[in-house]
Amino acid sequence: MANTISSSRPSYLVQIALRIWVKIHIAFLAFKVYRSIKKVKLVFSEILKINRKVSGGKRKYAVKNGKYWVGLYLPPFPSKNFDRYILTEMNKFVPHTFAINSYQQVNFAITTKCPMRCEHCFEWDNLNLHETFTKDELKLIISKLQAKGLAHLSLSGGEPMVRFNEMLELIRDADRSTEFWVLTSGFNLDLSRAQKLKQAGATGVIVSLDDINAEKHNIFRGHNQAYQFAALAANATNQAGLLLAISVCVLRENANADFLTAHAEASTAMGADFIQWLEPKAEGNYRGKDVILTMEQISEMEKAFVSLNHDARYRHIAPILYHGYYQRRLGCLSAGKSSFYVDSRGMVHSCPFCHSADFQIMDWLNNADKKGKKISACPSY
Ligand code: SF4
């Protein structure tokens with residue numbers, strides 16, 4: 001495992017104070033927007049409901065660089081970006097006239113290139129083809145997305161670190177209304193590159209670690225140094241002062257409390273500010289394969305999720321985001337509602353796991369008439 005890094009977990013009392021502070025802040029923001037106690041109460045109760053369905057209880061917060069983080073896909077608190085994110089959510093319940101984001105998150109695959117051969121790869125059909133976009137085209141797409149209002153942009157691939165210098169420029173030249181995250185296997189992410197990402201204005205890095213057993217992770221990722229890359233990248237991300245999230249695709253054999261607890265402990269020891277759990281989907285390299293979790297396995301995951309996020313004995317564990325948990329209670333937030341996926345060929349999909357191939361991103365961004373360019377609804381939730 002990587003060096004043990006001191007956790008940025010706020011103490012229990014600080015967590016309580018933060019929750020109160022965030023609630024008061026949101027209540028004031030709502031009052032500024034609506035000037036109506038009735039409307040404030042309505043949006044406030046809706047936001048609390050969502051909060052409970054996403055976190056399974058009271059949220060754990062992360063602290064870094066003097067800012068607080070309510071969630072992996074939320075901007076830091078307090079900040080202008082955080083307020084705009086909340087205003088966007090409020091507008092869904094009671095429309096208002098303040099500026100909002102068109103999208104809260106977009107996952108953009110900026111390269112087809114990748115040195116890994118992961119069992120679950122959803123970009124499998126596009127891997128290592130000719131690049132679709134030049135650096136300037138990538139910049140243009142990002143600037144057009146930002147002009148619509150975008151809270152969070154995940155730069156993925158392929159392996160985005162393969163286009164490192166160009167990626168740095170994309171982040172550096174973008175405006176700061178969007179939080180930039182890099183989604184990586186950990187390939188080529190040493191301290192010097194992590195520092196450059198931080199200087200360019202990146203917010204954080206999501207490193208994939210699918211097993212805490214190095215050999216199993218390497219086999220899953222189809223690369224004999226995958227574990228080493230992930231551990232070094234996690235360490236470098238942390239040392240550079242970027243937020244670190246560790247992401248795991250939870251396979252059938254790992255959908256149990258023992259594995260999930262051991263993985264959460266290991267990720268926390270690696271300095272993770274957040275942990276993300278993904279379920280395998282029959283897409284990309286898994287297409288046509290029997291990989292979907294059973295109801296019993298999902299139930300095991302949900303129990304472990306609530307316990308690791310809320311039991312007093314796991315207070316030291318980084319906050320966990322389990323997409324399946326809220327999707328089964330709230331519905332899917334992707335599919336063009338709050339977010340969508342742009343693959344490395346420029347095709348827009350509902351999300352990385354539901355390939356709808358709706359249209360080319362440039363056709364959409366260049367077309368004044370947006371009718372007929374609809375992102376497919378989620379077929380699962
Ligand atoms: S999942 Fe990511 S790291 Fe793995 S092969 Fe696909 S693009 Fe590469």
# chains A, B, ... in the order shown; residues from 1 in each chain; ligands from 1
>>> residues_near_ligand(ligand="ligand 1", cutoff="8 Å", atoms="only C-alpha atoms and all ligand atoms", output="list in words")
Thr112, Lys113, Cys114, Pro115, Met116, Arg117, Cys118, Glu119, His120, Cys121, Phe122, Glu123, Trp124, Leu127, Ser156, Gly157, Gly158, Glu159, Thr184, Ser185, Arg221 and Gly222 of chain A
>>> write_last_selection(atoms="N, CA and C atoms", output="compact mmCIF listing (two decimals), in the first residue's frame")
# COMPACT_ATOMS: atom_id res chain seq x y z
N THR A 112 -8.67 8.52 -26.84
CA THR A 112 -8.98 7.09 -27.04
C THR A 112 -7.83 6.23 -26.50
N LYS A 113 -6.68 6.85 -26.23
CA LYS A 113 -5.47 6.08 -25.92
C LYS A 113 -5.48 5.57 -24.48
N CYS A 114 -5.02 4.35 -24.31
CA CYS A 114 -4.94 3.80 -22.95
C CYS A 114 -4.00 2.60 -22.93
N PRO A 115 -3.11 2.56 -21.93
CA PRO A 115 -2.19 1.42 -21.83
C PRO A 115 -2.80 0.23 -21.07
N MET A 116 -3.99 0.40 -20.47
CA MET A 116 -4.61 -0.68 -19.69
C MET A 116 -5.52 -1.52 -20.59
N ARG A 117 -5.98 -2.63 -20.07
CA ARG A 117 -6.97 -3.48 -20.76
C ARG A 117 -7.96 -3.98 -19.72
N CYS A 118 -8.75 -3.08 -19.19
CA CYS A 118 -9.58 -3.41 -18.03
C CYS A 118 -10.76 -4.30 -18.41
N GLU A 119 -11.07 -5.20 -17.50
CA GLU A 119 -12.17 -6.14 -17.76
C GLU A 119 -13.50 -5.42 -17.95
N HIS A 120 -13.70 -4.29 -17.26
CA HIS A 120 -15.01 -3.63 -17.26
C HIS A 120 -15.06 -2.41 -18.19
N CYS A 121 -14.02 -2.19 -19.01
CA CYS A 121 -13.88 -0.92 -19.73
C CYS A 121 -15.10 -0.59 -20.60
N PHE A 122 -15.72 0.57 -20.34
CA PHE A 122 -16.90 0.94 -21.13
C PHE A 122 -16.51 1.67 -22.41
N GLU A 123 -15.22 1.99 -22.57
CA GLU A 123 -14.74 2.66 -23.80
C GLU A 123 -14.05 1.63 -24.71
N TRP A 124 -14.26 0.35 -24.45
CA TRP A 124 -13.52 -0.73 -25.10
C TRP A 124 -13.54 -0.61 -26.64
N LEU A 127 -11.03 2.16 -27.87
CA LEU A 127 -9.66 2.26 -27.37
C LEU A 127 -8.61 2.28 -28.47
N SER A 156 -11.79 12.23 -18.75
CA SER A 156 -11.51 10.80 -18.72
C SER A 156 -11.00 10.35 -20.08
N GLY A 157 -11.12 9.07 -20.37
CA GLY A 157 -10.65 8.57 -21.65
C GLY A 157 -11.26 7.20 -21.91
N GLY A 158 -10.44 6.36 -22.51
CA GLY A 158 -9.00 6.22 -22.48
C GLY A 158 -8.39 6.66 -21.16
N GLU A 159 -7.09 6.87 -21.23
CA GLU A 159 -6.37 7.31 -20.05
C GLU A 159 -5.96 8.77 -20.28
N THR A 184 -8.48 8.69 -13.62
CA THR A 184 -7.30 7.98 -14.12
C THR A 184 -7.12 6.62 -13.46
N SER A 185 -6.41 5.76 -14.19
CA SER A 185 -5.96 4.49 -13.61
C SER A 185 -4.76 4.74 -12.69
N ARG A 221 -7.08 -5.05 -14.37
CA ARG A 221 -6.75 -3.90 -15.22
C ARG A 221 -5.92 -4.28 -16.46
N GLY A 222 -5.50 -5.56 -16.52
CA GLY A 222 -4.76 -6.03 -17.69
C GLY A 222 -3.40 -5.37 -17.84
>>> residues_around(residues="Arg328 of chain A", least_positions_apart="5", cutoff="10 Å", atoms="only C-alpha atoms", output="PDB file with C-alpha atoms, in the first residue's frame")
ATOM      1  CA  LYS A  53     -31.238   9.556  -0.259  1.00  0.00           C
ATOM      2  CA  VAL A  54     -27.713  10.230  -1.541  1.00  0.00           C
ATOM      3  CA  HIS A 323     -24.390   5.717  -7.147  1.00  0.00           C
ATOM      4  CA  SER A 380     -32.420   1.313 -15.651  1.00  0.00           C
ATOM      5  CA  TYR A 381     -33.588   3.696 -12.910  1.00  0.00           C
TER       6      TYR A 381
END
>>> closest_residue(among="A:Ile141, A:Leu42, A:Ala27, A:Val207", to="Gln360 of chain A", atoms="only C-alpha atoms")
A:Ile141
>>> closest_atom_pairs(of="segment 165-266 of chain A", to="segment 277-291 of chain A", cutoff="8 Å", atoms="only C-alpha atoms", output="JSON lines")
{"residue": "A:Ser247", "atom": "CA", "partner": "A:Trp277", "partner_atom": "CA", "distance": 6.0}
{"residue": "A:Val248", "atom": "CA", "partner": "A:Trp277", "partner_atom": "CA", "distance": 5.2}
{"residue": "A:Cys249", "atom": "CA", "partner": "A:Leu278", "partner_atom": "CA", "distance": 4.7}
{"residue": "A:Val250", "atom": "CA", "partner": "A:Glu279", "partner_atom": "CA", "distance": 5.5}
{"residue": "A:Leu251", "atom": "CA", "partner": "A:Pro280", "partner_atom": "CA", "distance": 6.4}
{"residue": "A:Arg252", "atom": "CA", "partner": "A:Val291", "partner_atom": "CA", "distance": 7.2}
>>> closest_residue(among="A:Ser45, A:Ser102, A:Gln199, A:Gln276", to="Ile26 of chain A", atoms="only C-alpha atoms")
A:Ser45
>>> residues_around(residues="Phe180 of chain A", least_positions_apart="6", cutoff="8 Å", atoms="only C-alpha atoms", output="compact mmCIF listing (two decimals) with C-alpha atoms, in the first residue's frame")
# COMPACT_ATOMS: atom_id res chain seq x y z
CA HIS A 152 -18.06 19.77 -12.64
CA LEU A 153 -16.10 18.35 -15.58
CA SER A 154 -14.54 14.90 -15.31
CA LEU A 155 -11.73 14.46 -17.84
CA ILE A 171 -7.61 23.06 -17.40
CA GLY A 201 -6.38 24.77 -11.52
CA ALA A 202 -7.56 21.17 -11.25
CA THR A 203 -9.67 20.37 -8.22
CA GLY A 204 -9.07 16.68 -7.79
>>> closest_residue(among="A:Ala147, A:Val70, A:Ile110, A:Ile37", to="Lys23 of chain A", atoms="only C-alpha atoms")
A:Val70
>>> select_by_dssp(residues="segment 229-361 of chain A", states="helix (DSSP H, G or I)", output="PyMOL selection string")
chain A and resi 229-239+252-254+257-269+284-286+295-310+312-314+323-330+361
>>> select_by_dssp(residues="segment 234-373 of chain A", states="strand (DSSP E)", output="ChimeraX atom specification")
/A:243-249,274-278,320-322,339-342,347-349,359-360
>>> atom_distance(atom1="atom CA of Tyr34 of chain A", atom2="atom CA of Ile100 of chain A")
14.6 Å
>>> closest_residue(among="A:Ala231, A:Ala255, A:Leu242, A:Cys378", to="Gly331 of chain A", atoms="only C-alpha atoms")
A:Cys378
>>> atom_distance(atom1="atom CA of Glu215 of chain A", atom2="atom CA of Leu321 of chain A")
25.6 Å
>>> residues_around(residues="Ala214 of chain A", least_positions_apart="6", cutoff="9 Å", atoms="only C-alpha atoms", output="count of residues only")
5
>>> closest_residue(among="A:Tyr68, A:Pro75, A:Leu138, A:Asn256", to="Glu169 of chain A", atoms="only C-alpha atoms")
A:Leu138
>>> atom_distance(atom1="atom CA of Ala264 of chain A", atom2="atom CA of Glu296 of chain A")
20.5 Å
>>> residues_around(residues="Lys58 of chain A", least_positions_apart="5", cutoff="10 Å", atoms="only C-alpha atoms", output="list in words")
Gln15, Ile16, Arg19, Leu48, Asn51, Arg52, Lys53, Asn309 and His310 of chain A
>>> closest_residue(among="A:Cys354, A:Ala240, A:Ile317, A:Ala304", to="Asn65 of chain A", atoms="only C-alpha atoms")
A:Ala240
>>> residues_around(residues="Asp311 of chain A", least_positions_apart="5", cutoff="12 Å", atoms="only C-alpha atoms", output="list in words")
Tyr12, Gly56, Gly57, Lys58, Lys60, Lys303, Ala304, Phe305, Val306, His316, Ile317 and Pro319 of chain A
>>> write_last_selection(atoms="N, CA and C atoms", output="PDB file, in the first residue's frame")
ATOM      1  N   TYR A  12     -15.674  14.900  14.726  1.00  0.00           N
ATOM      2  CA  TYR A  12     -17.116  14.736  14.834  1.00  0.00           C
ATOM      3  C   TYR A  12     -17.800  16.075  15.098  1.00  0.00           C
ATOM      4  N   GLY A  56     -27.619   8.283   2.650  1.00  0.00           N
ATOM      5  CA  GLY A  56     -28.116   7.262   3.578  1.00  0.00           C
ATOM      6  C   GLY A  56     -28.185   7.784   5.002  1.00  0.00           C
ATOM      7  N   GLY A  57     -28.136   9.079   5.205  1.00  0.00           N
ATOM      8  CA  GLY A  57     -28.167   9.664   6.549  1.00  0.00           C
ATOM      9  C   GLY A  57     -27.533  11.031   6.494  1.00  0.00           C
ATOM     10  N   LYS A  58     -26.832  11.392   7.579  1.00  0.00           N
ATOM     11  CA  LYS A  58     -26.175  12.698   7.585  1.00  0.00           C
ATOM     12  C   LYS A  58     -24.854  12.605   6.840  1.00  0.00           C
ATOM     13  N   LYS A  60     -21.088  12.993   5.567  1.00  0.00           N
ATOM     14  CA  LYS A  60     -19.739  13.252   6.083  1.00  0.00           C
ATOM     15  C   LYS A  60     -19.106  14.271   5.149  1.00  0.00           C
ATOM     16  N   LYS A 303     -26.144  -2.171   2.853  1.00  0.00           N
ATOM     17  CA  LYS A 303     -25.937  -2.235   4.306  1.00  0.00           C
ATOM     18  C   LYS A 303     -24.536  -1.744   4.657  1.00  0.00           C
ATOM     19  N   ALA A 304     -23.557  -2.194   3.892  1.00  0.00           N
ATOM     20  CA  ALA A 304     -22.167  -1.784   4.156  1.00  0.00           C
ATOM     21  C   ALA A 304     -22.001  -0.278   3.940  1.00  0.00           C
ATOM     22  N   PHE A 305     -22.689   0.248   2.926  1.00  0.00           N
ATOM     23  CA  PHE A 305     -22.620   1.688   2.614  1.00  0.00           C
ATOM     24  C   PHE A 305     -23.122   2.530   3.796  1.00  0.00           C
ATOM     25  N   VAL A 306     -24.280   2.162   4.314  1.00  0.00           N
ATOM     26  CA  VAL A 306     -24.862   2.921   5.439  1.00  0.00           C
ATOM     27  C   VAL A 306     -23.966   2.784   6.671  1.00  0.00           C
ATOM     28  N   HIS A 316     -13.677   7.472  11.013  1.00  0.00           N
ATOM     29  CA  HIS A 316     -12.403   7.816  10.368  1.00  0.00           C
ATOM     30  C   HIS A 316     -12.416   7.534   8.863  1.00  0.00           C
ATOM     31  N   ILE A 317     -13.400   6.749   8.415  1.00  0.00           N
ATOM     32  CA  ILE A 317     -13.444   6.358   6.989  1.00  0.00           C
ATOM     33  C   ILE A 317     -13.898   7.544   6.129  1.00  0.00           C
ATOM     34  N   PRO A 319     -15.811   9.707   3.309  1.00  0.00           N
ATOM     35  CA  PRO A 319     -17.199   9.588   2.845  1.00  0.00           C
ATOM     36  C   PRO A 319     -17.292   8.750   1.578  1.00  0.00           C
TER      37      PRO A 319
END
